[in-house]
Each structure stands twice: as C-alpha cells, then as structure tokens.
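K.L.:
Handing you a structure now.
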Amino acid sequence: MYIFNRITVNPQLPKRIEKLSEIGYNLWWSWNTEFLKLFKEMDIDLWESVNKNPIKFLKLVTQEKLEKAAQNPEFLKKYDKVVENFEDYMKSKSNWFDKKYPDNKNDLIAYFSAEYGLDQTLPIYSGGLGVLSGDHLKSASDLGIPLVAIGLLYKNGYFNQKINGSGAQETEYKDIDIENLPLESVKDSEGKDILVALHFPKKKIYLKAWKVNVGRIELYLLDSDIDANIPEYREITKTLYGGDREMRIQQEIILGQAGVAMLKALGYKPTIYHMNEGHSSFLILELIYNLMKEKQISFPIARDIISAKTVFTTHTPVPAGNDIFELSLVEKYFEGYWDKLGITKQEFFQMGMKPNAKIDTTGFNMGILALKVAGKKNGVSELHGAVSRELFGEVWPEIAANESPITYVTNGIHTCSWLSPYLKELYNKYLIPYWQDKIYDNEVWKKIADIPNEELWKAHQERKVKMLAVVKENTINRLRRCGYNYDEIMKIVDGLDPNALTIGFARRFATYKRATLIFKDLERITQILNLSLIHI
C-alpha cells in the first residue's frame, strides 16, 4: 500500500461553546484556571493525557463529548461565567494605568527577554528569569500597562531533566508541538509571513514571528527555522541557551536587532525599550543606527537620545546573566558596523568594556553595553541594587562605586498565577469582592488578618499533601527506571511526611544559587526553626 497523503479531521466546536477556542489561544487561562476545569469536566482522562493543554484537547476530544457539553446546563452555567469574566477583562477600560497615567495613553513599552515562563505547555524558559518575564507580561496585562514583548521561539524548548541511578542529571531535548500550542503565525494583509532580515557572515538570515496572547499583552517570538534560511541558520533559535558561544551571540543579535526590526515591521512605535538582562543589549546598536539614519544626526547625539528611551534590569553578577564575547566573534558579526555608526572599531569594542580595560585582554560584555547606554538601570531588590553598584562601579570611574546610577525595583510575582485554588477560595471569602482587580491597593489586604489561623493552616497543609504526592510519584517512577526494587523505593519515599519541614529544589541545584548558605550560621537557623515550631 502506498500512502500519498494524510488528512487530519478536527472536531467541530458547537456554536454554543465556540468561545473555548478563542480563550484557549489566550494564556489568560494560565491564571484563570476555572477555564481549565471545563476541559476536565468534558473528558478527564484526555485532559490528563494531553498534559492539560487546551489546544491539543480541542483537537482530540470526540465530537460526541463536545455536543454533550453544549447541552449540559451545569456545564453551560460554568462556561458562561468564564466567558463573561474573559470578555469583561479584555474589554475593561478601567485599569490602574489609565487611572494613574491618563496622559500617557499613546506610550508603549517594548519588553525584551531571552525567555518567558508563561505556562508549562510553552517550554521556552529555564528558570527564574523566564518566570519573572512571564509574570511581567501577566501583571502588565492586569494593570493595563501598554506593553509589547519580544522573545525567541525555541522549538526544542529547554531540556527535560532526568536524574539517573547515580543521582546525576541527564538532559533530554524534545521538539515542542507547534501545531498544538497557543501560537499564531504572524501574517501580512496577503496572508504571507512577515519576515525581517539581518546580514550574517555567510548569508542573510530571515526571521518570522509567532504571536502569543497573554491577556491584553502581545508577545512576539522570532523564529529562524524557516525555508528561507540555510540549514545552519535554521538551527539558531531552536534551543534555549543551546550550542556554543557563536550560537549564543547569534541568538542575542536576533533577539536585540531583529526584535527591533520586527516591531517596526509590525507597525509598533515604542516609547521605551526595556532590556530584561543583558541578552538583548544589541538592540541599543540597532536603535542608534536607525535614529542616525532617520534624523541624519551624529553618533553621540543619537546615543544620548536612545539613552532616554532605554531601561536595563540586571539580575545576576554571574556570566550566565552577563555574556562576554570574544572580540574576534564580535568582529565577525559586526564587521563594518562601526563605520555605519561613524565611530572607530576600538570605540565600538569599548562600548562593551569598562573604561580602563585593555582591548587585547578584554571581551565584549553585554551587561556593560546596557549599563553604559541605558538611561535607567536597576537591580531586582534593594540589596541587589547595592551589590550591583559595587560590582559595576568601574563603569563610572569618576564617581564613588556606591553612588553608581543603578537603582532597584524589588522582584514581585503575578499573584493569581501562583496562588493556589485553596487560598483563592479563602481570599474570595474574606477579602473585598473582586480583590484580584486591585491587588496593588493596600486596602485590599487589610482584611487578610480576618482569615482564621486554622483555615489558613488547613489550606497550606492541603497544598503540601498534594505537592508531596507529586514528589512521591515522580520519585517512584525515577527509581523504577533506575532498577531499584520495591522495598528500596518504599524506604526512600516513606520519608516524605506532610508534618515534617521539607526543604528542596524544584529543578536545579546550580552552585550560584548558594543552597548551602542556610547552614552557614547554624545557631541562627536553629533559632528560626524553633521559633517557627513555637508558632505552629
């Protein structure tokens, strides 16, 4: 038998519940989990098998179960409430930004990050930086902040972690299923992919964009894996933090420079460009060049103007957050770019170096490039701001290190993404109505003390029991793969006690996380733990 083609037939959503698809393509559901419960009610086994992915679910669920749901009064009551909440949210004009800054309605922030942790179904993040970026987008959506975001589409995602029988980490990459993710290919009026191009050493590289809706915010992910590119260039955006140093600089050129070009191609005119860590710092060069070309002005003037339009957030002093590239590599990809900027090669290199650095012994530091040009610089806590001022003090040798122009904005979280359903129920019961819409208002939290201690403790314990059940299941599966027998496995997992203080790392035991710091002062940690036990 010769198979010449395959046809995929997707079920047809009944008109009565057609909004399932529209909402499914908006990650609003990642912090409004009532929507996800609808899928669980339709087919719990399928819901678990597709790893709680609404797009994949809608393609695999049977027509019979869709029709049944569309005729179920109880289901429709819940469905209508979710749709009402979603539409009210998307159409609302009464938000924090409009009230606080009524004269800034035409402003737009362009937010750049190498990774975004929005939901586990879209694995384009590795850790805290991505989670923070994802929470920034969600919070901006809630607050009504005019923001558009740029990132890269990693079709291999970040690696899946496996722990072998010796306790060592093994990495495994799997292609993400583009067809079953909440992504839209960005097209022009004729239905063709919108492409931007950059000059790379071997040939031009072309990038297309995919759009992710995050509530009211649009995130555009750049993709080099298209037919227009040579095979080597198609691999560039596939793996988060993958490949060698050359692939890393290629990714960061694409993120920064092609990101600026894509926003322009899409018709956006940002007021401010925010670099979340140094990975996107090359956008500075693109902005300066574009302004020089458009306004026919000199490099120093353009740099000063761009300084007023850029913000830089530094997260960590380790190399992972501040890439340093060999000058030969920078020269390979920016050969002649200094001529376009009207500066010398040495002046170009010095943009990524401390003022007194020797060119023949120093690399090009992406963090320093951002620090030198961005008009606003900040760390991610008060202490981190102080540490960063000392660490980067040499960038401004004319002033004392502790007076370096690096401020701080303390990291926060997107509350509704991280708050468990158990606690949401308590908040709904004891806080003011619609408290989720005014999380930023101190008045909302005055009634938090009204929650009875026993109810709060019960909610925490329920979460802990659920968490330990997941840990137990994962541990049993891992030990089975590694050849442990039943008695050995039970001896290990029996130590998971809901009534015991449990400290662990969810993913990585990276050395720079300083996990052993808790044991540095044993007397102090003993006092803290004993005090906690007294209160319990």
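In the structure tokens, each chain is lettered A, B, ... as it comes, each chain's residues begin at 1, and ligands are numbered from 1 in order of appearance.
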Which residues come within 12 Å of stretch 11-16 of chain A, counting only C-alpha atoms, excluding same-chain residues fewer than 4 positions away, as a PyMOL selection string?
P.N.:
chain A and resi 20-22+55-73+75-77+79-80+83
K.L.:
For the selection just defined, write its residues with N, CA and C atoms to a file, as a short mmCIF file (atom, residue, chain, number, x, y, z; two decimals), in the first residue's frame.
P.N.:
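Produced file again-v4.cif, reproduced below:
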data_model
loop_
_atom_site.label_atom_id
_atom_site.label_comp_id
_atom_site.auth_asym_id
_atom_site.auth_seq_id
_atom_site.Cartn_x
_atom_site.Cartn_y
_atom_site.Cartn_z
N LEU A 20 -14.56 28.48 23.55
CA LEU A 20 -13.48 27.65 24.10
C LEU A 20 -12.20 27.81 23.30
N SER A 21 -12.35 27.93 21.99
CA SER A 21 -11.17 28.06 21.13
C SER A 21 -10.51 29.42 21.29
N GLU A 22 -11.30 30.48 21.26
CA GLU A 22 -10.75 31.84 21.39
C GLU A 22 -10.00 32.00 22.71
N ILE A 55 -5.41 23.50 23.72
CA ILE A 55 -5.40 23.47 22.26
C ILE A 55 -5.36 22.02 21.76
N LYS A 56 -4.51 21.22 22.34
CA LYS A 56 -4.42 19.82 21.94
C LYS A 56 -5.70 19.07 22.30
N PHE A 57 -6.27 19.42 23.45
CA PHE A 57 -7.51 18.78 23.88
C PHE A 57 -8.62 19.00 22.85
N LEU A 58 -8.78 20.25 22.39
CA LEU A 58 -9.86 20.56 21.45
C LEU A 58 -9.68 19.87 20.10
N LYS A 59 -8.46 19.45 19.79
CA LYS A 59 -8.22 18.75 18.54
C LYS A 59 -8.45 17.24 18.66
N LEU A 60 -8.44 16.74 19.90
CA LEU A 60 -8.54 15.30 20.10
C LEU A 60 -9.86 14.85 20.74
N VAL A 61 -10.56 15.77 21.38
CA VAL A 61 -11.79 15.38 22.05
C VAL A 61 -12.82 14.91 21.01
N THR A 62 -13.67 13.99 21.38
CA THR A 62 -14.66 13.47 20.43
C THR A 62 -15.78 14.48 20.22
N GLN A 63 -16.35 14.44 19.05
CA GLN A 63 -17.48 15.30 18.74
C GLN A 63 -18.65 15.04 19.70
N GLU A 64 -18.81 13.79 20.06
CA GLU A 64 -19.90 13.40 20.96
C GLU A 64 -19.79 14.12 22.30
N LYS A 65 -18.57 14.20 22.84
CA LYS A 65 -18.40 14.83 24.15
C LYS A 65 -18.57 16.35 24.07
N LEU A 66 -18.19 16.95 22.94
CA LEU A 66 -18.44 18.38 22.75
C LEU A 66 -19.94 18.66 22.70
N GLU A 67 -20.66 17.85 21.96
CA GLU A 67 -22.12 18.03 21.85
C GLU A 67 -22.80 17.82 23.20
N LYS A 68 -22.31 16.86 23.93
CA LYS A 68 -22.88 16.59 25.25
C LYS A 68 -22.67 17.77 26.19
N ALA A 69 -21.45 18.36 26.15
CA ALA A 69 -21.15 19.51 26.99
C ALA A 69 -22.02 20.70 26.62
N ALA A 70 -22.25 20.87 25.31
CA ALA A 70 -23.04 22.01 24.82
C ALA A 70 -24.51 21.90 25.21
N GLN A 71 -24.92 20.76 25.71
CA GLN A 71 -26.32 20.56 26.10
C GLN A 71 -26.47 20.34 27.61
N ASN A 72 -25.36 20.45 28.34
CA ASN A 72 -25.37 20.21 29.78
C ASN A 72 -25.56 21.54 30.52
N PRO A 73 -26.70 21.76 31.18
CA PRO A 73 -26.99 23.04 31.85
C PRO A 73 -25.93 23.43 32.87
N PHE A 75 -22.74 22.50 32.97
CA PHE A 75 -21.52 22.86 32.25
C PHE A 75 -21.67 24.26 31.65
N LEU A 76 -22.79 24.53 31.01
CA LEU A 76 -23.01 25.82 30.35
C LEU A 76 -23.03 26.97 31.34
N LYS A 77 -23.52 26.72 32.55
CA LYS A 77 -23.52 27.76 33.57
C LYS A 77 -22.09 28.17 33.91
N TYR A 79 -19.43 27.59 31.98
CA TYR A 79 -18.86 28.11 30.73
C TYR A 79 -19.23 29.58 30.55
N ASP A 80 -20.49 29.92 30.73
CA ASP A 80 -20.95 31.30 30.55
C ASP A 80 -20.26 32.25 31.52
N VAL A 83 -16.69 32.83 30.22
CA VAL A 83 -16.72 33.71 29.05
C VAL A 83 -16.99 35.15 29.47
#
K.L.:
If you run DSSP on the backbone, which residues of stretch 331-425 of chain A are helix (DSSP H, G or I), as a ChimeraX atom specification?
P.N.:
/A:331-334,337-341,345-350,359-361,366-373,382-391,393-395,401-403,415-418,421-425
K.L.:
Just the number, please: distance in Å from atom CA of A:Asn95 to atom CA of A:Ile23, one decimal.
P.N.:
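Result for atom CA of A:Asn95 versus atom CA of A:Ile23: 20.8 Å, one decimal.
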K.L.:
Check the smallest atom-to-atom distance from each of A:Lys424, A:His279, A:Lys446, A:Lys309 to A:Ile368 using only C-alpha atoms, then report the winner.
P.N.:
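Using only C-alpha atoms, A:Ile368 sits closest to A:His279.
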K.L.:
Please identify all polymer residues within 6 Å of stretch 370-376 of chain A, counting only C-alpha atoms, omitting same-chain residues fewer than 6 positions from it, and present them as number ranges by chain.
P.N.:
A: 281, 307-308, 310-311
K.L.:
Keeping only N, CA and C atoms, write the selected residues to a file as an mmCIF file, in the first residue's frame.
P.N.:
data_model
loop_
_atom_site.group_PDB
_atom_site.id
_atom_site.type_symbol
_atom_site.label_atom_id
_atom_site.label_comp_id
_atom_site.auth_asym_id
_atom_site.auth_seq_id
_atom_site.Cartn_x
_atom_site.Cartn_y
_atom_site.Cartn_z
ATOM 1 N N SER A 281 20.942 43.290 24.618
ATOM 2 C CA SER A 281 21.587 44.610 24.588
ATOM 3 C C SER A 281 21.965 45.101 23.197
ATOM 4 N N SER A 307 19.561 56.749 24.956
ATOM 5 C CA SER A 307 19.728 56.590 26.400
ATOM 6 C C SER A 307 18.435 56.915 27.138
ATOM 7 N N ALA A 308 17.746 57.957 26.667
ATOM 8 C CA ALA A 308 16.496 58.381 27.306
ATOM 9 C C ALA A 308 15.336 57.441 26.996
ATOM 10 N N THR A 310 15.744 53.916 26.888
ATOM 11 C CA THR A 310 16.091 52.535 27.241
ATOM 12 C C THR A 310 16.194 52.331 28.752
ATOM 13 N N VAL A 311 15.779 51.143 29.176
ATOM 14 C CA VAL A 311 15.834 50.717 30.577
ATOM 15 C C VAL A 311 16.513 49.349 30.622
#
K.L.:
So that I can check the surroundings of stretch 221-224 of chain A, please list as an MDAnalysis selection string every protein, DNA and RNA residue that reaches within 7 Å of it, counting only C-alpha atoms and ignoring chain neighbours fewer than 5 positions away.
P.N.:
chainID A and resid 150:153 206:211 233:234 236:237
K.L.:
Do a neighbour search on A:Ser92 at 12 Å with only C-alpha atoms, toss out local chain neighbours closer than 5 positions, and write the hits as a CSV table (one decimal) with C-alpha atoms, in the first residue's frame.
P.N.:
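The file below, out-v4.csv, is the result:
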chain,number,residue,atom,x,y,z
A,84,GLU,CA,-18.2,36.7,30.9
A,85,ASN,CA,-15.1,37.1,33.0
A,86,PHE,CA,-12.8,36.8,30.0
A,87,GLU,CA,-14.8,39.3,27.9
A,97,PHE,CA,-2.5,52.6,34.2
A,98,ASP,CA,-5.4,54.6,32.7
A,141,SER,CA,-2.0,42.9,31.3
A,142,ASP,CA,-3.8,43.2,34.6
A,143,LEU,CA,-2.7,46.7,35.2
A,144,GLY,CA,-3.4,47.9,31.7
A,215,GLY,CA,-4.3,38.5,28.4
A,216,ARG,CA,-4.2,42.0,26.8
A,437,ASP,CA,-8.5,43.5,40.2
